[in-house]
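The block underneath contains the structure these notes are about, expressed in C-alpha cells.
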Amino acid sequence: MNMTINMSQLSYKMTIVMFLLLFLVTLCVAPLIGSTQIKLLNAIAGGIHAQNNLDASILFQVRLPRVLLGAVAGAALSVAGAVFQALLRNDLAAPFTLGVSSGAALGAVLAIVLNFNISILGFPLVSLFSFIGALGAIFLVFSLVKTQHGELPTSILLLAGVTANFFFASIVMFLHYVSDFGQSFRIIRWLMGGLDITDYQTVLSITPIILIGIGLLVYVGRDLNLISTGDHPAKSRGVDVSQIQKIGFIAASLITATVVAITGPIGFVGLIVPHIARLFVGSDLRILIPVSMLFGASFLIICDTIARTIIAPTEIPVGIITAMLGGPFFVWLLKRKKWL
Amino acid sequence: MNPHLEVKNLNFAYDSKPILKDISLSVKKGEFIGLIGPNGSGKSTLLKLMGGVMSLSDDAVRINGQPINAIKKKVLARDITWISQEHPMVFPFTIQEIVLMGRHPYLPPLSFEGEEDYRIARDAMEMTQTSQFSNRYFNEISGGEKQRVMLASAIAQEPEIMLLDEPTSALDLKYQIQILNILKRLNEEQNITLILAMHDLNLASRYCRRLILLDDGAIIRDGAPSEVLKKEVIEKVYGVNVNLHNLDGEILVHPSNSGS
C-alpha cells in the first residue's frame, strides 16, 4: 500500500511537471511564431524597451503581451470551468453558463453605444462596464434562486443562468441594432473575443486577481471534490456546503469576469480544457485545478497562435478558433457519453 | 450522563406542510435501531435532520448533550455520518478516491491523505469486500457494490453513529444480507451506533434490537421488535392485512391474501 501512495503521488507530481513543461515550451515558442519572420537574436539584443528595432518591437510589444494575456485568460477560464462543473454537478457547464459572459457583453456594448471611450485607472471604460455587467449578471441569477432549507438548488440555478443569458443577449441585440456602423463593428469584434488589444500593464493588473482566485479554489479543493459528489454526502463528511458554494461561485465568477472584461467572451475553453485534463488526472480538483490552469494557459496560447497565423497576414480573433473547436468537441463529448 | 443522541420535540415542515410532528427519542451508544414506516412517513427526513445533513433552526437534536447545529461541521462529521440510498455520480472518481473522501473531517485544507488515512481506507475496503476494485471507477460497478463502497467511505470516517437511509432497499437478497452482516459486525465489534431506515420488516426484526415505527410524521411505537411488530399496529399503519409468525423469537410479517 505504501507503494501505491508513493506511486500515485509520484504520478500526480509527474503529471503536473509534464503540464508545466508543456506550458513553458508553449510560452517560449509561441511568441516566435507569427505572420512576420523575426530575427530572435536581434530582438533579444534590442530588449523590451528597444526603439527602432522592428524585431524587438514585434516580439516584446506585440506578441509577448498577447501570449501572456492568453496564458492568464486560458488559465482563469479553464479553472473556472472545472469549478463550475463541480459546483453545478454538470460536466457540460462552463464559466459562462450562469450568465457571466452575456452580462459582460451587455456592459461592454452599453459602453460602446454610449461612446464611452475614456479610461479610468488605466482600464478602458468598456472593460469596466463589462466587468460590472458580468458581476451584475451573477448577482441577479443568484438573487433569483431561492435557497431551500439552506440549500442551493443547482438545477434551478442552471435554468436561471440560461434565462439570464437569453435575456441579456436580447438587450445586446437591441443595442446593436440601434448602434451606428462604427459602433456595430466594435460590438461584433468585442463579442468575438480576442487577445489582440493588450499591453503589459493590463496583464500585470489582472494577474493578481486571477492568481488569488485560483489559489482560493485550490484551498477548498477537497471540499469541492465532495460537493461534486452531492450536497448531502458532502455535508455528512463535514463540508460546510453553503459556505464552500459561496467561495467557489464568487471566486470562479470573479476570475471569469476579470478575463472577459479584457478579452471579451472566448468560448469553449472553460468546457474543453477541464475535460481533457480530467482524462489525464481524474476528477480530484486538488490536481485538476492546477492541471487545468497549466493546460488552459497552453491551450489558449496555441489557439491564439493559430488565430494569428492561419490566414496571415490577417489575424483573426481567437474566440473564432475556440468556437470552431467547441462544436466538434461537444459532439465527441456526447458520443463518449453515448448520447449521440 | 447525557444520552448519546437525543431528539426532543422535533417539528419539521416543508413549505408549511408538516413532515415531522413532535418527535422525541433517545439513543444509547451501541444501539442497532431500525426506523420503519410507510413511504412518506418521515423516515428519511428524520435521518437527515439527526445527521445534520439538513439543517435545523432549533436545538431539537443533540449529540452527547450538545445541539448539533452548534457543532462545527467537520467536528460533527467525526461523530456522525449519513449514507443515502442512491449515489448518483457525475464525475469519474475511483473507488479508492471515494473511500478516502471519508477522511475529510480529519484533514486540514490543502493536504493530501497520508499513510494512516490510506491504512484506514484499506481496512474499510477489506471489511466491505471492496478492495478488489479499488482502482475502478464508481460509475462502473453495480448497485450493491456502490452501496458497499459508500459504506466503506463512511467506515473510513470513523464515526460513532451511522445513519443509513434504506441501505438495502434497491438490492437483491444476497447484497441485502451482505450489507446487513457488515453493519452487524460494525455494531458488535466496534460498538458503532446504527440507525437504519428500512422497508423490509422481516429483515428489520431480524437485525435490529430496537424498532421505531413512524406514521405520518409521528412515532407510533418504539421498542423491541416483538413489541412494535403487532398485527393490529401493522395493519393500521400500512393498511394491509397481515399474519405474524414467530420463528425462534424472530418475527415474520406476512401479508395475507384477504383485503388490502
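Lettering and numbering for the C-alpha cells are positional, with chains as A, B, ... in the shown order, residues counted from 1 in each chain, and ligands counted from 1 in the shown order.
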Each residue of chain B with at least one atom at most 10 Å from chain A should appear once, together with its nearest atom pair and the corresponding distance in Å (one decimal); atoms considered: only C-alpha atoms; ordering: chain, then increasing residue number; output as a tab-separated table.
residue	atom	partner	partner_atom	distance
B:Tyr14	CA	A:His149	CA	8.5
B:Asp15	CA	A:Gln148	CA	9.3
B:Lys48	CA	A:His232	CA	8.5
B:Gly51	CA	A:Ser236	CA	7.0
B:Gly52	CA	A:Ser236	CA	7.2
B:Val53	CA	A:Lys235	CA	5.5
B:Met54	CA	A:His149	CA	7.3
B:Ser55	CA	A:His149	CA	6.9
B:Leu56	CA	A:His149	CA	8.4
B:Ser57	CA	A:His149	CA	9.6
B:Lys72	CA	A:Gly238	CA	8.2
B:Lys73	CA	A:Gly238	CA	4.6
B:Lys74	CA	A:Gly238	CA	4.0
B:Val75	CA	A:Gly238	CA	7.2
B:Leu76	CA	A:Gly238	CA	6.8
B:Ala77	CA	A:Gly238	CA	4.8
B:Arg78	CA	A:Gly238	CA	7.9
B:Ile80	CA	A:Ser236	CA	7.6
B:Thr81	CA	A:Ser236	CA	5.2
B:Trp82	CA	A:Ser236	CA	5.6
B:Ile83	CA	A:Pro233	CA	7.1
B:Ser84	CA	A:Pro233	CA	7.4
B:His87	CA	A:Thr229	CA	8.2
B:Pro88	CA	A:Thr229	CA	7.5
B:Met89	CA	A:Thr229	CA	5.7
B:Val90	CA	A:Arg89	CA	6.3
B:Phe91	CA	A:Ser283	CA	6.2
B:Pro92	CA	A:Ser283	CA	6.0
B:Phe93	CA	A:Ser283	CA	5.8
B:Thr94	CA	A:Gly282	CA	8.4
B:Glu97	CA	A:Asp284	CA	8.1
B:Ile98	CA	A:Leu226	CA	8.9
B:Met101	CA	A:Leu226	CA	7.2
B:Gly102	CA	A:Arg237	CA	6.3
B:Arg103	CA	A:Arg237	CA	8.0
B:His104	CA	A:Arg237	CA	6.3
B:Pro105	CA	A:Gly238	CA	5.6
B:Tyr106	CA	A:Gly238	CA	9.4
B:Leu107	CA	A:Arg222	CA	9.4
B:Pro108	CA	A:Arg222	CA	9.7
B:Pro109	CA	A:Tyr219	CA	6.1
B:Leu110	CA	A:Tyr219	CA	5.4
B:Ser111	CA	A:Arg222	CA	8.4
B:Phe112	CA	A:Arg286	CA	8.6
B:Glu113	CA	A:Ile5	CA	8.9
B:Gly114	CA	A:Ile5	CA	8.1
B:Glu115	CA	A:Asn2	CA	7.0
B:Tyr118	CA	A:Met1	CA	7.6
B:Arg119	CA	A:Met1	CA	7.8
B:Arg122	CA	A:Met1	CA	8.4
B:Tyr137	CA	A:Gly282	CA	10.0
B:Met150	CA	A:Pro233	CA	9.5
B:Ser153	CA	A:Arg237	CA	9.3
B:Ala154	CA	A:Arg237	CA	8.3
B:Gln157	CA	A:Arg237	CA	7.5
B:Leu163	CA	A:Ser236	CA	9.8
Residues near segment 62-73 of chain A, cut-off 6 Å, only C-alpha atoms, skip fewer than 2 positions along chain, as a list in words: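 So the residues in contact are Pro31, Ile58, Leu59, Phe60, Ala75, Ala76, Leu195, Asp199, Tyr200, Val203, Val259, Ala297, Leu300 and Ile301 of chain A.
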Selected residues, N, CA and C atoms, written as a PDB file, in the first residue's frame, please.
ATOM      1  N   PRO A  31       5.659  33.095 -29.025  1.00  0.00           N
ATOM      2  CA  PRO A  31       5.999  34.451 -29.477  1.00  0.00           C
ATOM      3  C   PRO A  31       6.904  34.457 -30.707  1.00  0.00           C
ATOM      4  N   ILE A  58       8.124  43.811 -32.401  1.00  0.00           N
ATOM      5  CA  ILE A  58       7.130  42.766 -32.672  1.00  0.00           C
ATOM      6  C   ILE A  58       7.132  41.750 -31.541  1.00  0.00           C
ATOM      7  N   LEU A  59       8.325  41.306 -31.153  1.00  0.00           N
ATOM      8  CA  LEU A  59       8.414  40.263 -30.123  1.00  0.00           C
ATOM      9  C   LEU A  59       7.917  40.776 -28.765  1.00  0.00           C
ATOM     10  N   PHE A  60       8.455  41.931 -28.346  1.00  0.00           N
ATOM     11  CA  PHE A  60       8.204  42.353 -26.961  1.00  0.00           C
ATOM     12  C   PHE A  60       6.970  43.243 -26.794  1.00  0.00           C
ATOM     13  N   ALA A  75      -5.849  30.143 -18.417  1.00  0.00           N
ATOM     14  CA  ALA A  75      -5.773  29.541 -17.084  1.00  0.00           C
ATOM     15  C   ALA A  75      -7.050  29.827 -16.299  1.00  0.00           C
ATOM     16  N   ALA A  76      -7.465  31.103 -16.303  1.00  0.00           N
ATOM     17  CA  ALA A  76      -8.626  31.502 -15.493  1.00  0.00           C
ATOM     18  C   ALA A  76      -9.905  30.829 -15.995  1.00  0.00           C
ATOM     19  N   LEU A 195      -7.520  38.459 -28.073  1.00  0.00           N
ATOM     20  CA  LEU A 195      -6.426  38.849 -27.187  1.00  0.00           C
ATOM     21  C   LEU A 195      -5.595  39.967 -27.794  1.00  0.00           C
ATOM     22  N   ASP A 199      -1.477  45.148 -23.476  1.00  0.00           N
ATOM     23  CA  ASP A 199      -0.132  45.623 -23.134  1.00  0.00           C
ATOM     24  C   ASP A 199       0.241  44.985 -21.796  1.00  0.00           C
ATOM     25  N   TYR A 200       1.498  45.184 -21.391  1.00  0.00           N
ATOM     26  CA  TYR A 200       1.950  44.550 -20.141  1.00  0.00           C
ATOM     27  C   TYR A 200       1.145  45.040 -18.935  1.00  0.00           C
ATOM     28  N   VAL A 203      -2.022  43.045 -18.465  1.00  0.00           N
ATOM     29  CA  VAL A 203      -1.726  41.691 -17.990  1.00  0.00           C
ATOM     30  C   VAL A 203      -1.308  41.723 -16.525  1.00  0.00           C
ATOM     31  N   VAL A 259     -11.360  38.254 -16.691  1.00  0.00           N
ATOM     32  CA  VAL A 259     -10.835  37.913 -18.018  1.00  0.00           C
ATOM     33  C   VAL A 259     -11.746  38.449 -19.121  1.00  0.00           C
ATOM     34  N   ALA A 297      -3.793  27.499 -20.008  1.00  0.00           N
ATOM     35  CA  ALA A 297      -2.892  28.555 -20.469  1.00  0.00           C
ATOM     36  C   ALA A 297      -2.249  28.137 -21.790  1.00  0.00           C
ATOM     37  N   LEU A 300      -4.897  28.015 -24.788  1.00  0.00           N
ATOM     38  CA  LEU A 300      -5.334  29.281 -25.385  1.00  0.00           C
ATOM     39  C   LEU A 300      -4.192  29.959 -26.149  1.00  0.00           C
ATOM     40  N   ILE A 301      -2.967  29.786 -25.648  1.00  0.00           N
ATOM     41  CA  ILE A 301      -1.818  30.347 -26.390  1.00  0.00           C
ATOM     42  C   ILE A 301      -1.725  29.667 -27.757  1.00  0.00           C
TER      43      ILE A 301
END
Residues within 9 Å of Leu151 of chain B, only C-alpha atoms, excluding chain neighbours under 5 positions, as a PyMOL selection string: chain B and resi 83+99+124-125+128+146+156+179+183
Distance query Gly213 of chain A at most 9 Å, only C-alpha atoms, self and fewer than 5 positions along chain excluded, as a PyMOL selection string: chain A and resi 76+208+218+250-252+254-255
Output for the residues just chosen: C-alpha atoms as a PDB file, in the first residue's frame:
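Result file is part-v6.pdb:
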ATOM      1  CA  ALA A  76      -8.626  31.502 -15.493  1.00  0.00           C
ATOM      2  CA  PRO A 208      -3.000  39.074  -9.159  1.00  0.00           C
ATOM      3  CA  VAL A 218      -7.240  25.207  -4.718  1.00  0.00           C
ATOM      4  CA  ILE A 250     -17.666  34.033  -6.134  1.00  0.00           C
ATOM      5  CA  ALA A 251     -14.034  33.137  -6.886  1.00  0.00           C
ATOM      6  CA  ALA A 252     -14.842  31.373 -10.171  1.00  0.00           C
ATOM      7  CA  LEU A 254     -14.661  36.862 -10.322  1.00  0.00           C
ATOM      8  CA  ILE A 255     -11.795  35.385 -12.337  1.00  0.00           C
TER       9      ILE A 255
END
Within 12 Å of Ile38 of chain A using only C-alpha atoms, minus same-chain residues under 2 positions, as a list of chain:residue names: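 Contacts, with the query itself left out: A:Pro31, A:Leu32, A:Ile33, A:Gly34, A:Ser35, A:Thr36, A:Leu40, A:Leu41, A:Asn42, A:Ala43, A:Ile44, A:Asn53, A:Leu54, A:Asp55, A:Ala56, A:Ser57, A:Ile58, A:Leu59, A:Phe60, A:Arg63.
Proximity ranking of B:His4, B:Arg62, B:Lys230, B:Arg221 relative to Gly37 of chain B places B:Arg221 first, based on only C-alpha atoms.
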Every residue of segment 120-186 of chain A that DSSP places in strand (DSSP E or B), as a PyMOL selection string: chain A and resi 120+123-124+148+151
With C-alpha atoms kept, could you save the residues just selected as a compact mmCIF listing (two decimals), in the first residue's frame?
# COMPACT_ATOMS: atom_id res chain seq x y z
CA ILE A 120 -10.22 55.10 -15.69
CA PHE A 123 -8.71 50.46 -17.84
CA PRO A 124 -10.94 51.44 -20.77
CA GLN A 148 -34.50 25.81 0.20
CA GLU A 151 -29.62 24.54 0.17
Atom CA of Ala93 of chain A to atom CA of Val25 of chain A, distance in Å rounded to a single decimal: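 Straight-line distance from atom CA of Ala93 of chain A to atom CA of Val25 of chain A works out to 29.6 Å.
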For Gly270 of chain A, list every protein, DNA or RNA residue within 8 Å, evaluated using only C-alpha atoms, and leave out those in the same chain fewer than 4 positions away; present the list as a PDB file with N, CA and C atoms, in the first residue's frame.
ATOM      1  N   GLY A  74      -6.556  31.884 -20.493  1.00  0.00           N
ATOM      2  CA  GLY A  74      -6.771  30.439 -20.635  1.00  0.00           C
ATOM      3  C   GLY A  74      -6.782  29.753 -19.284  1.00  0.00           C
ATOM      4  N   LEU A  77     -10.127  30.864 -17.307  1.00  0.00           N
ATOM      5  CA  LEU A  77     -11.367  30.287 -17.841  1.00  0.00           C
ATOM      6  C   LEU A  77     -11.419  28.780 -17.597  1.00  0.00           C
ATOM      7  N   SER A  78     -10.275  28.109 -17.723  1.00  0.00           N
ATOM      8  CA  SER A  78     -10.256  26.656 -17.542  1.00  0.00           C
ATOM      9  C   SER A  78     -10.509  26.264 -16.097  1.00  0.00           C
ATOM     10  N   VAL A  79      -9.869  26.982 -15.174  1.00  0.00           N
ATOM     11  CA  VAL A  79     -10.096  26.687 -13.754  1.00  0.00           C
ATOM     12  C   VAL A  79     -11.560  26.977 -13.401  1.00  0.00           C
ATOM     13  N   ALA A  80     -12.069  28.122 -13.888  1.00  0.00           N
ATOM     14  CA  ALA A  80     -13.465  28.465 -13.599  1.00  0.00           C
ATOM     15  C   ALA A  80     -14.396  27.379 -14.152  1.00  0.00           C
ATOM     16  N   GLY A  81     -14.085  26.875 -15.353  1.00  0.00           N
ATOM     17  CA  GLY A  81     -14.902  25.814 -15.942  1.00  0.00           C
ATOM     18  C   GLY A  81     -14.915  24.568 -15.069  1.00  0.00           C
ATOM     19  N   ALA A  82     -13.730  24.137 -14.642  1.00  0.00           N
ATOM     20  CA  ALA A  82     -13.638  22.936 -13.801  1.00  0.00           C
ATOM     21  C   ALA A  82     -14.451  23.117 -12.521  1.00  0.00           C
ATOM     22  N   ALA A  94     -20.009  25.481 -17.978  1.00  0.00           N
ATOM     23  CA  ALA A  94     -18.814  26.233 -18.354  1.00  0.00           C
ATOM     24  C   ALA A  94     -18.834  27.558 -17.601  1.00  0.00           C
ATOM     25  N   PRO A  95     -17.742  28.339 -17.680  1.00  0.00           N
ATOM     26  CA  PRO A  95     -17.714  29.591 -16.911  1.00  0.00           C
ATOM     27  C   PRO A  95     -18.837  30.555 -17.293  1.00  0.00           C
ATOM     28  N   PRO A 274     -11.082  21.450 -18.993  1.00  0.00           N
ATOM     29  CA  PRO A 274     -11.256  20.553 -17.847  1.00  0.00           C
ATOM     30  C   PRO A 274     -11.508  19.098 -18.259  1.00  0.00           C
ATOM     31  N   GLY A 296      -4.852  24.942 -19.641  1.00  0.00           N
ATOM     32  CA  GLY A 296      -5.695  26.002 -20.198  1.00  0.00           C
ATOM     33  C   GLY A 296      -4.857  27.143 -20.749  1.00  0.00           C
TER      34      GLY A 296
END
All helix (DSSP H, G or I) residues (DSSP, backbone) inside segment 26-244 of chain B, as a ChimeraX atom specification: /B:43-50,68-70,73-79,95-106,115-127,131-133,138-140,143-156,173-190,201-207,225-228,231-238
For Arg136 of chain B, the nearest of the candidates B:Leu252, B:Ile95, B:Leu186, B:Leu196, counting only C-alpha atoms: B:Ile95
Atom pair atom CA of Ile155 of chain B / atom CA of Gly34 of chain B: separation (Å):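 Atom-to-atom, atom CA of Ile155 of chain B to atom CA of Gly34 of chain B, that is 19.0 Å.
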Residue among B:Asp58, B:Asp165, B:Glu189, B:Asp215 lying closest to Gly239 of chain B, counting only C-alpha atoms: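 Distance minimum relative to Gly239 of chain B lands on B:Asp215.
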Residue neighbourhood Val61 of chain B, 8 Å, only C-alpha atoms, exclusion window fewer than 3 positions, as a ChimeraX atom specification: /B:5-8,10,49-50,67-68
